[in-house]
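Structure data (mmCIF, C-alpha atoms) from input39.cif:
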```
data_upload
loop_
_atom_site.label_atom_id
_atom_site.label_comp_id
_atom_site.auth_asym_id
_atom_site.auth_seq_id
_atom_site.Cartn_x
_atom_site.Cartn_y
_atom_site.Cartn_z
CA MET S 1 3.08 -36.27 27.32
CA LEU S 2 1.78 -38.36 24.45
CA GLY S 3 3.95 -37.35 21.50
CA ASN S 4 2.63 -37.17 17.95
CA LEU S 5 2.04 -40.86 17.15
CA VAL S 6 -0.63 -43.27 15.93
CA PRO S 7 -3.62 -42.61 18.26
CA SER S 8 -4.18 -46.30 19.15
CA VAL S 9 -0.66 -46.44 20.60
CA GLN S 10 -1.25 -43.20 22.50
CA GLN S 11 -4.36 -44.85 24.01
CA LYS S 12 -2.40 -48.03 24.82
CA VAL S 13 0.12 -45.99 26.79
CA LEU S 14 -2.73 -44.58 28.88
CA ASP S 15 -4.24 -48.06 29.37
CA GLN S 16 -0.96 -49.30 30.86
CA MET S 17 -0.84 -46.66 33.58
CA LYS S 18 -1.96 -47.87 36.99
CA LYS S 19 -2.53 -44.35 38.25
CA ARG S 20 -3.77 -41.47 36.14
CA PRO S 21 -1.10 -38.73 35.91
CA LYS S 22 -2.08 -35.26 37.15
CA LEU S 23 -2.00 -34.01 33.57
CA ILE S 24 -2.17 -35.78 30.20
CA VAL S 25 -1.14 -33.84 27.11
CA LEU S 26 -1.66 -35.23 23.62
CA ASP S 27 0.02 -33.96 20.46
CA THR S 28 -1.30 -35.04 17.08
CA MET S 29 -1.47 -33.91 13.44
CA ASN S 30 -3.52 -33.90 10.22
CA PHE S 31 -2.13 -37.31 9.13
CA TRP S 32 -3.88 -39.07 12.03
CA MET S 33 -7.08 -37.13 11.36
CA ASP S 34 -6.99 -38.32 7.75
CA ASN S 35 -6.16 -41.93 8.55
CA CYS S 36 -7.20 -42.86 12.13
CA TRP S 37 -10.11 -40.53 12.87
CA ASP S 38 -12.10 -42.89 15.15
CA ASP S 39 -9.07 -43.88 17.24
CA LEU S 40 -8.08 -40.25 17.61
CA ILE S 41 -11.57 -39.21 18.75
CA GLU S 42 -11.47 -42.07 21.29
CA ALA S 43 -8.04 -41.07 22.68
CA LEU S 44 -9.08 -37.41 22.91
CA LYS S 45 -11.78 -38.34 25.44
CA ASN S 46 -9.08 -39.28 27.94
CA VAL S 47 -6.67 -36.32 27.82
CA ASP S 48 -6.49 -32.93 29.53
CA VAL S 49 -4.64 -30.87 26.92
CA LEU S 50 -4.48 -31.14 23.14
CA THR S 51 -1.78 -29.38 21.12
CA ILE S 52 -2.31 -28.91 17.37
CA ASN S 53 -1.76 -26.21 14.77
CA ASP S 54 -4.40 -23.82 13.40
CA GLU S 55 -5.20 -25.81 10.24
CA GLU S 56 -5.52 -29.00 12.27
CA ALA S 57 -7.88 -27.28 14.72
CA GLN S 58 -10.04 -26.28 11.74
CA GLN S 59 -9.92 -29.83 10.32
CA LEU S 60 -10.77 -31.47 13.65
CA SER S 61 -13.69 -29.13 14.39
CA GLY S 62 -14.96 -28.23 10.94
CA GLU S 63 -14.96 -24.60 12.10
CA HIS S 64 -12.99 -21.76 10.49
CA SER S 65 -12.94 -19.43 13.50
CA LEU S 66 -10.41 -20.66 16.07
CA VAL S 67 -12.71 -19.49 18.89
CA ASN S 68 -15.49 -21.76 17.59
CA ALA S 69 -13.01 -24.54 16.83
CA ALA S 70 -11.80 -24.43 20.42
CA LYS S 71 -15.36 -24.63 21.78
CA LYS S 72 -16.07 -27.78 19.75
CA ILE S 73 -12.74 -29.46 20.47
CA ARG S 74 -13.03 -28.81 24.21
CA LYS S 75 -16.31 -30.78 24.12
CA MET S 76 -14.44 -33.77 22.63
CA GLY S 77 -12.45 -34.34 25.84
CA PRO S 78 -9.51 -32.00 26.45
CA LYS S 79 -10.27 -29.26 28.99
CA TYR S 80 -7.53 -27.15 27.43
CA LEU S 81 -6.56 -26.61 23.81
CA ILE S 82 -3.30 -25.17 22.57
CA ILE S 83 -3.23 -23.95 18.97
CA LYS S 84 0.29 -23.48 17.60
CA LYS S 85 0.57 -20.86 14.86
CA GLY S 86 4.31 -20.97 14.07
CA GLU S 87 5.70 -17.48 13.51
CA HIS S 88 2.36 -16.05 14.75
CA GLY S 89 2.70 -17.57 18.22
CA ALA S 90 0.38 -19.85 20.14
CA MET S 91 -3.04 -19.66 21.75
CA LEU S 92 -4.31 -21.39 24.88
CA PHE S 93 -8.04 -21.94 25.30
CA GLY S 94 -9.63 -22.87 28.64
CA ASP S 95 -12.97 -22.40 30.32
CA ASP S 96 -14.05 -18.91 29.10
CA GLN S 97 -10.38 -17.89 29.04
CA ILE S 98 -8.02 -17.30 26.14
CA PHE S 99 -4.31 -16.54 26.23
CA SER S 100 -2.40 -15.35 23.19
CA ALA S 101 1.39 -15.80 23.24
CA PRO S 102 3.62 -14.12 20.66
CA ALA S 103 6.38 -15.94 18.80
CA LEU S 104 9.87 -14.52 19.11
CA PRO S 105 10.54 -12.54 15.91
CA LEU S 106 13.59 -14.14 14.30
CA GLU S 107 15.92 -12.87 11.57
CA LYS S 108 16.33 -16.38 10.26
CA VAL S 109 14.68 -19.73 10.89
CA PHE S 110 17.50 -22.19 10.27
CA ASP S 111 15.36 -25.35 10.47
CA PRO S 112 11.79 -25.52 11.85
CA THR S 113 11.95 -29.31 12.34
CA GLY S 114 11.17 -30.20 15.94
CA ALA S 115 9.71 -26.83 16.93
CA GLY S 116 6.38 -28.42 17.92
CA ASP S 117 8.07 -31.15 19.97
CA SER S 118 10.31 -28.59 21.66
CA PHE S 119 7.21 -26.54 22.46
CA ALA S 120 5.55 -29.58 24.03
CA GLY S 121 8.70 -30.37 26.03
CA GLY S 122 8.99 -26.85 27.40
CA PHE S 123 5.27 -26.80 28.19
CA VAL S 124 5.11 -30.05 30.17
CA GLY S 125 8.61 -29.57 31.58
CA TYR S 126 7.51 -26.34 33.23
CA LEU S 127 4.24 -27.82 34.55
CA SER S 128 5.93 -30.94 35.93
CA ASN S 129 7.66 -28.69 38.47
CA GLU S 130 4.38 -27.13 39.62
CA LYS S 131 2.24 -28.64 42.37
CA GLU S 132 -1.00 -27.15 41.15
CA ILE S 133 -2.01 -26.68 37.56
CA SER S 134 -4.16 -23.65 36.77
CA PHE S 135 -4.85 -21.58 33.67
CA GLU S 136 -2.31 -19.03 34.97
CA LYS S 137 0.38 -21.72 35.26
CA MET S 138 -0.47 -23.00 31.81
CA LYS S 139 0.01 -19.51 30.36
CA THR S 140 3.55 -19.48 31.75
CA ALA S 141 4.05 -23.02 30.43
CA VAL S 142 3.03 -21.84 26.94
CA ILE S 143 5.71 -19.14 27.17
CA TYR S 144 8.39 -21.70 28.15
CA GLY S 145 7.21 -23.93 25.32
CA SER S 146 7.60 -20.99 22.93
CA VAL S 147 11.06 -20.27 24.38
CA MET S 148 12.23 -23.84 23.71
CA ALA S 149 10.77 -23.79 20.18
CA SER S 150 12.58 -20.52 19.46
CA PHE S 151 15.91 -22.14 20.40
CA CYS S 152 15.15 -25.33 18.45
CA VAL S 153 14.82 -23.56 15.08
CA GLU S 154 18.20 -21.79 15.41
CA LYS S 155 20.24 -24.87 14.42
CA PHE S 156 19.76 -28.37 12.99
CA GLY S 157 18.07 -31.08 15.05
CA THR S 158 18.77 -30.87 18.78
CA GLU S 159 22.10 -29.01 18.35
CA ARG S 160 20.94 -25.71 19.81
CA LEU S 161 18.87 -27.29 22.61
CA ALA S 162 21.88 -29.36 23.67
CA GLU S 163 24.07 -26.30 24.23
CA ILE S 164 21.77 -23.89 26.06
CA THR S 165 21.69 -23.42 29.84
CA SER S 166 18.92 -22.58 32.32
CA LYS S 167 20.20 -19.00 32.24
CA ASP S 168 19.66 -18.84 28.46
CA VAL S 169 16.11 -20.11 28.95
CA LEU S 170 15.31 -17.50 31.61
CA GLU S 171 16.85 -14.71 29.55
CA ARG S 172 14.78 -15.63 26.54
CA ALA S 173 11.61 -15.86 28.64
CA GLN S 174 12.36 -12.27 29.66
CA LYS S 175 12.44 -11.34 25.97
CA PHE S 176 8.87 -12.62 25.67
CA VAL S 177 7.89 -10.31 28.53
CA GLU S 178 9.48 -7.31 26.77
CA LEU S 179 7.85 -8.31 23.51
CA SER S 180 4.31 -8.43 24.82
CA SER S 181 4.02 -6.09 27.82
CA PHE S 182 2.14 -2.79 27.62
CA ASP S 183 0.16 -0.36 29.78
CA ILE S 184 -3.34 0.89 28.99
CA MET P 1 -2.27 10.76 9.42
CA LEU P 2 -1.79 10.23 5.73
CA GLY P 3 -4.46 7.71 4.77
CA ASN P 4 -3.91 5.07 2.12
CA LEU P 5 -3.82 7.20 -1.06
CA VAL P 6 -1.69 7.90 -4.12
CA PRO P 7 1.79 8.73 -2.67
CA SER P 8 2.21 11.98 -4.65
CA VAL P 9 -0.92 13.37 -2.97
CA GLN P 10 0.33 12.23 0.44
CA GLN P 11 3.54 14.18 -0.26
CA LYS P 12 1.55 17.24 -1.43
CA VAL P 13 -0.31 17.28 1.88
CA LEU P 14 3.02 17.41 3.71
CA ASP P 15 4.32 20.14 1.38
CA GLN P 16 1.35 22.35 2.30
CA MET P 17 2.02 22.24 6.03
CA LYS P 18 3.75 25.36 7.40
CA LYS P 19 4.86 23.57 10.54
CA ARG P 20 5.86 19.93 10.71
CA PRO P 21 3.43 17.97 12.97
CA LYS P 22 4.91 16.17 15.99
CA LEU P 23 4.20 12.86 14.31
CA ILE P 24 3.50 11.89 10.70
CA VAL P 25 1.99 8.46 10.04
CA LEU P 26 1.63 7.08 6.52
CA ASP P 27 -0.58 4.19 5.50
CA THR P 28 -0.10 2.58 2.08
CA MET P 29 -0.62 -0.71 0.26
CA ASN P 30 0.69 -3.06 -2.44
CA PHE P 31 -1.18 -1.19 -5.23
CA TRP P 32 1.00 1.92 -4.74
CA MET P 33 4.14 -0.23 -4.58
CA ASP P 34 3.19 -1.78 -7.91
CA ASN P 35 2.25 1.49 -9.62
CA CYS P 36 3.94 4.49 -7.91
CA TRP P 37 7.12 3.03 -6.46
CA ASP P 38 9.34 6.12 -6.86
CA ASP P 39 6.75 8.52 -5.41
CA LEU P 40 6.19 6.19 -2.47
CA ILE P 41 9.91 5.90 -1.71
CA GLU P 42 10.12 9.72 -1.82
CA ALA P 43 7.16 10.20 0.56
CA LEU P 44 8.51 7.59 2.97
CA LYS P 45 11.61 9.75 3.55
CA ASN P 46 9.43 12.34 5.28
CA VAL P 47 7.32 10.30 7.68
CA ASP P 48 7.79 8.96 11.23
CA VAL P 49 5.59 5.87 11.16
CA LEU P 50 4.61 3.53 8.33
CA THR P 51 1.68 1.10 8.67
CA ILE P 52 1.43 -1.80 6.21
CA ASN P 53 0.57 -5.50 6.33
CA ASP P 54 3.04 -8.39 6.40
CA GLU P 55 3.00 -9.12 2.65
CA GLU P 56 3.48 -5.46 1.86
CA ALA P 57 6.43 -5.26 4.25
CA GLN P 58 7.99 -8.18 2.37
CA GLN P 59 7.29 -6.53 -1.01
CA LEU P 60 8.66 -3.14 0.06
CA SER P 61 11.86 -4.60 1.54
CA GLY P 62 12.46 -7.70 -0.56
CA GLU P 63 12.99 -9.58 2.71
CA HIS P 64 10.97 -12.61 3.90
CA SER P 65 11.76 -12.26 7.62
CA LEU P 66 9.73 -9.43 9.14
CA VAL P 67 12.68 -8.59 11.41
CA ASN P 68 14.91 -8.02 8.39
CA ALA P 69 12.10 -6.28 6.50
CA ALA P 70 11.69 -3.84 9.39
CA LYS P 71 15.43 -3.10 9.45
CA LYS P 72 15.44 -2.19 5.75
CA ILE P 73 12.21 -0.19 5.82
CA ARG P 74 13.35 1.84 8.85
CA LYS P 75 16.35 2.93 6.75
CA MET P 76 13.98 4.28 4.08
CA GLY P 77 12.67 7.02 6.38
CA PRO P 78 10.13 5.95 9.02
CA LYS P 79 11.64 5.59 12.51
CA TYR P 80 8.81 3.23 13.41
CA LEU P 81 7.14 0.47 11.41
CA ILE P 82 3.81 -1.14 12.21
CA ILE P 83 3.08 -4.45 10.50
CA LYS P 84 -0.59 -5.43 10.59
CA LYS P 85 -1.23 -9.17 10.48
CA GLY P 86 -5.05 -9.30 10.64
CA GLU P 87 -6.21 -12.13 12.91
CA HIS P 88 -2.59 -12.64 14.02
CA GLY P 89 -2.33 -9.15 15.53
CA ALA P 90 0.17 -6.38 14.86
CA MET P 91 3.85 -5.72 15.40
CA LEU P 92 5.61 -2.44 16.18
CA PHE P 93 9.29 -2.07 15.31
CA GLY P 94 11.47 0.72 16.72
CA ASP P 95 15.12 1.23 17.49
CA ASP P 96 16.19 -2.23 18.76
CA GLN P 97 12.70 -2.72 20.18
CA ILE P 98 9.83 -4.91 19.03
CA PHE P 99 6.30 -5.09 20.39
CA SER P 100 3.89 -7.86 19.45
CA ALA P 101 0.17 -7.19 20.00
CA PRO P 102 -2.41 -9.96 19.77
CA ALA P 103 -5.64 -9.65 17.82
CA LEU P 104 -8.86 -10.19 19.73
CA PRO P 105 -10.02 -13.75 18.94
CA LEU P 106 -13.47 -13.40 17.36
CA GLU P 107 -16.20 -15.98 16.78
CA LYS P 108 -17.16 -14.25 13.57
CA VAL P 109 -15.69 -11.49 11.41
CA PHE P 110 -18.78 -9.87 9.93
CA ASP P 111 -16.92 -7.61 7.48
CA PRO P 112 -13.17 -6.86 7.59
CA THR P 113 -13.52 -3.73 5.42
CA GLY P 114 -12.10 -0.69 7.20
CA ALA P 115 -10.18 -2.62 9.86
CA GLY P 116 -6.86 -1.07 8.78
CA ASP P 117 -8.28 2.45 8.75
CA SER P 118 -9.91 1.91 12.15
CA PHE P 119 -6.54 0.70 13.45
CA ALA P 120 -4.85 3.85 12.14
CA GLY P 121 -7.55 6.03 13.70
CA GLY P 122 -7.25 4.38 17.11
CA PHE P 123 -3.45 4.58 16.90
CA VAL P 124 -3.15 8.29 16.08
CA GLY P 125 -6.21 9.16 18.15
CA TYR P 126 -4.52 7.82 21.25
CA LEU P 127 -1.18 9.51 20.50
CA SER P 128 -2.79 12.88 19.72
CA ASN P 129 -3.75 13.09 23.41
CA GLU P 130 -0.18 12.44 24.57
CA LYS P 131 2.36 15.22 25.06
CA GLU P 132 5.39 13.03 24.51
CA ILE P 133 5.65 10.17 22.05
CA SER P 134 7.81 7.24 23.08
CA PHE P 135 7.99 3.57 22.14
CA GLU P 136 6.00 2.79 25.33
CA LYS P 137 3.24 5.20 24.30
CA MET P 138 3.22 3.73 20.80
CA LYS P 139 2.73 0.23 22.24
CA THR P 140 -0.42 1.44 23.99
CA ALA P 141 -1.49 3.20 20.78
CA VAL P 142 -1.14 -0.11 18.89
CA ILE P 143 -3.48 -1.70 21.44
CA TYR P 144 -6.08 1.06 20.98
CA GLY P 145 -5.72 0.69 17.22
CA SER P 146 -6.37 -3.04 17.60
CA VAL P 147 -9.36 -2.30 19.83
CA MET P 148 -10.94 -0.04 17.20
CA ALA P 149 -10.26 -2.57 14.44
CA SER P 150 -11.90 -5.31 16.52
CA PHE P 151 -15.09 -3.21 16.78
CA CYS P 152 -15.03 -2.25 13.09
CA VAL P 153 -15.28 -5.84 11.84
CA GLU P 154 -18.34 -6.64 13.99
CA LYS P 155 -20.78 -4.87 11.64
CA PHE P 156 -20.92 -3.32 8.16
CA GLY P 157 -19.08 -0.07 7.43
CA THR P 158 -18.94 2.35 10.36
CA GLU P 159 -22.11 0.98 12.01
CA ARG P 160 -20.40 -0.53 15.03
CA LEU P 161 -17.91 2.32 15.50
CA ALA P 162 -20.81 4.81 15.50
CA GLU P 163 -22.57 3.14 18.42
CA ILE P 164 -19.72 2.40 20.87
CA THR P 165 -18.81 4.60 23.84
CA SER P 166 -15.51 5.41 25.57
CA LYS P 167 -16.48 2.84 28.20
CA ASP P 168 -16.76 0.13 25.52
CA VAL P 169 -13.29 1.08 24.25
CA LEU P 170 -11.74 0.89 27.73
CA GLU P 171 -13.44 -2.43 28.48
CA ARG P 172 -12.15 -3.94 25.28
CA ALA P 173 -8.63 -2.64 25.94
CA GLN P 174 -8.85 -4.51 29.25
CA LYS P 175 -9.63 -7.67 27.27
CA PHE P 176 -6.32 -7.23 25.44
CA VAL P 177 -4.57 -7.09 28.82
CA GLU P 178 -6.24 -10.33 29.94
CA LEU P 179 -5.44 -11.95 26.61
CA SER P 180 -1.73 -11.27 26.70
CA SER P 181 -0.59 -10.99 30.32
CA PHE P 182 1.47 -13.69 32.01
CA ASP P 183 4.08 -14.19 34.74
CA ILE P 184 7.41 -15.95 34.26
#
```
Show me the file's structure as C-alpha cells.
Amino acid sequence: MLGNLVPSVQQKVLDQMKKRPKLIVLDTMNFWMDNCWDDLIEALKNVDVLTINDEEAQQLSGEHSLVNAAKKIRKMGPKYLIIKKGEHGAMLFGDDQIFSAPALPLEKVFDPTGAGDSFAGGFVGYLSNEKEISFEKMKTAVIYGSVMASFCVEKFGTERLAEITSKDVLERAQKFVELSSFDI
Amino acid sequence: MLGNLVPSVQQKVLDQMKKRPKLIVLDTMNFWMDNCWDDLIEALKNVDVLTINDEEAQQLSGEHSLVNAAKKIRKMGPKYLIIKKGEHGAMLFGDDQIFSAPALPLEKVFDPTGAGDSFAGGFVGYLSNEKEISFEKMKTAVIYGSVMASFCVEKFGTERLAEITSKDVLERAQKFVELSSFDI
C-alpha cells in the first residue's frame, strides 16, 4: 500500500522490493498531478490498483464522465481503479465491471481528516487476509474500506479507530448490506 | 402522483378526490420553496412520499446533513422521503430505515431533461402494480425509477422512453443488481 506521497518515493519503495507483492495499491492526489506529473505517470505503470477521488480522476484522464475516465486510467497501468466520492460513496472499476458502494449516511461528520487513508487501510487490510484476489473480493474490500472511513470521521484523528473492535466493524458492514440491498 | 407544479394546484387536485388514493407522491422544487412556501408546507401535510433533490432537501429543512434533513421533512407530513442525487443515485428515507440506490454509470448524458419525471413515473408505475406498499417495495420502486431515468437521459425528450420494451427495463434493472451487490 503506497500511501499518498511524492510519486518518486512511491516508485523507490517498489524498486527496493526483491519480490513483487501480490497486490500493489497506490493512493495519490491532485497536488502530485500538478507538480510531479511525469513521475506519477511512471509509478502508475507498476501498480495494480489506484485510489483517487472523482475530481482527481477527471484531472488525470481529462474526461468528465467517470466511466470514460476509468477506461483511460486503466490503460495507464492499474488494472483496477477506485474512485472515492466522499458522502456519495465509492466506485470500483475493473475489466468491464463496475461496483458502486454507498457511503454510510451520517448525522454529523465530526472531522473528515484521514477518511481516505482509513478507506485504504480497510481495503488492503481485508485483501491481505484473502488468498486469491478477484473483483468480487475487491467489492467486499471496498465495503470494509468504507466501514473504516465511516468510523474515522466520527472523532478527531485516530481516536475512534483506536477504540472500535472487530465486532463493531462487522456490525457496521452489516449496515452497508441493509443500506444497499433490494429485490427486483 | 402530483407532478412538479404550483403547490396550490397540487392541493386542489387532492381536494377533488372523493376517495384518498393508497399512496400520494408529491414532486416539487426550489422555485416553489422560494415563491409559495406556505402553500407547499400545507400540501406536504397531505402526502405520503416527497421526491426532491439534495439541495432542495437542505433548503426545505435548513439542515446540511441529509439524515437530519430527512428527519425534519418527515415531520412535515410525508412518511417517506426520496432524495434524488443525479449521477450519485437516490436515497429513500423511512421510519428508521434508509436505502441508498446507485445511479447507472454512463459514458455520456445526452440530455438530463426529464430525468426526475421519468424517475417519478418508474417509481409510482412499479408501486401501482403492488397490492401492499412497504419499505421493501419502495426500495424496488426506487430502482425502477432509476432505470427509467437512466433511459431518459440517453436521447432528447421522450425519444428513448418511447422505443424501449419491458425486456429492456428488466435487463437494465439487472444491471443495477450487478452494480450494487456484494458479500461481506
Selection under test: the PyMOL selection byres ((chain S) within 6 of (chain P)); residues as a count of residues only: 11
- request: Check the smallest atom-to-atom distance from each of P:Asn53, P:Leu26, P:Leu60, P:Phe151 to Asp168 (chain P) using all atoms listed in the file, then report the winner.
  value: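 Result for the nearest residue to Asp168 (chain P): P:Phe151.
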- request: Evaluate the PyMOL selection byres ((chain S and resi 22) around 10) on the structure here and hand back the selected residues as a list in words.
  value: Lys19, Arg20, Pro21, Leu23, Ile24, Asp48, Ser128, Lys131, Glu132 and Ile133 of chain S
task: Could you check how far CA of Glu42 (chain S) sits from CA of Ala70 (chain S), in Å to one decimal?
output: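 So the answer is 17.7 Å.
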field: Result set, the PyMOL selection byres ((chain S and resi 145) around 8) on current file, as a ChimeraX atom specification
entry: /S:118-123,141-144,146-149
- prompt: Nearest to Glu55 (chain S) among S:Ile41, S:Met33, S:Arg172, S:Met76, with distances taken over only C-alpha atoms: which residue is it?
  reply: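 Looking at the shortest contact to Glu55 (chain S), the residue is S:Met33.
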For CA of Leu161 (chain S) and CA of Ile83 (chain S), the interatomic separation in Å (one decimal):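 Computing it gives 22.6 Å between the two atoms.
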query: Please, which residues are within 12 Å of (-2.1, 12.4, -5.4) by the file's coordinates, counting all atoms listed in the file, and could they come as a ChimeraX atom specification?
result: /P:2-14,32,36,39-40,43
Tell me, as a compact mmCIF listing (two decimals) with C-alpha atoms, keeping the file's coordinate frame, which residues lie within 8 Å of Val25 (chain P), counting only C-alpha atoms; anything in the same chain fewer than 6 positions away does not count.
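File produced: selection23.txt:
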```txt
# COMPACT_ATOMS: atom_id res chain seq x y z
CA MET P 1 -2.27 10.76 9.42
CA LEU P 2 -1.79 10.23 5.73
CA VAL P 47 7.32 10.30 7.68
CA ASP P 48 7.79 8.96 11.23
CA VAL P 49 5.59 5.87 11.16
CA LEU P 50 4.61 3.53 8.33
CA THR P 51 1.68 1.10 8.67
CA VAL P 124 -3.15 8.29 16.08
```
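As for CA of Glu154 (chain P) and CA of Lys75 (chain S), they are spaced 26.3 Å apart.
With distances taken over all atoms listed in the file, P:Asp95 is the one residue among P:Ala115, P:Arg74, P:Gly62, P:Asp95 lying closest to Ser134 (chain P).
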message: Please determine, counting only C-alpha atoms, which residue among S:Asp34, S:Asp27, S:Gly157, S:Ile73 has the shortest atom-to-atom distance to Phe93 (chain S).
response: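 Nearest to Phe93 (chain S): S:Ile73.
Candidate residues S:Phe156, S:Tyr80, S:Phe31, S:Trp37 were compared for distance to Pro112 (chain S), and the nearest is S:Phe156, using all atoms listed in the file.
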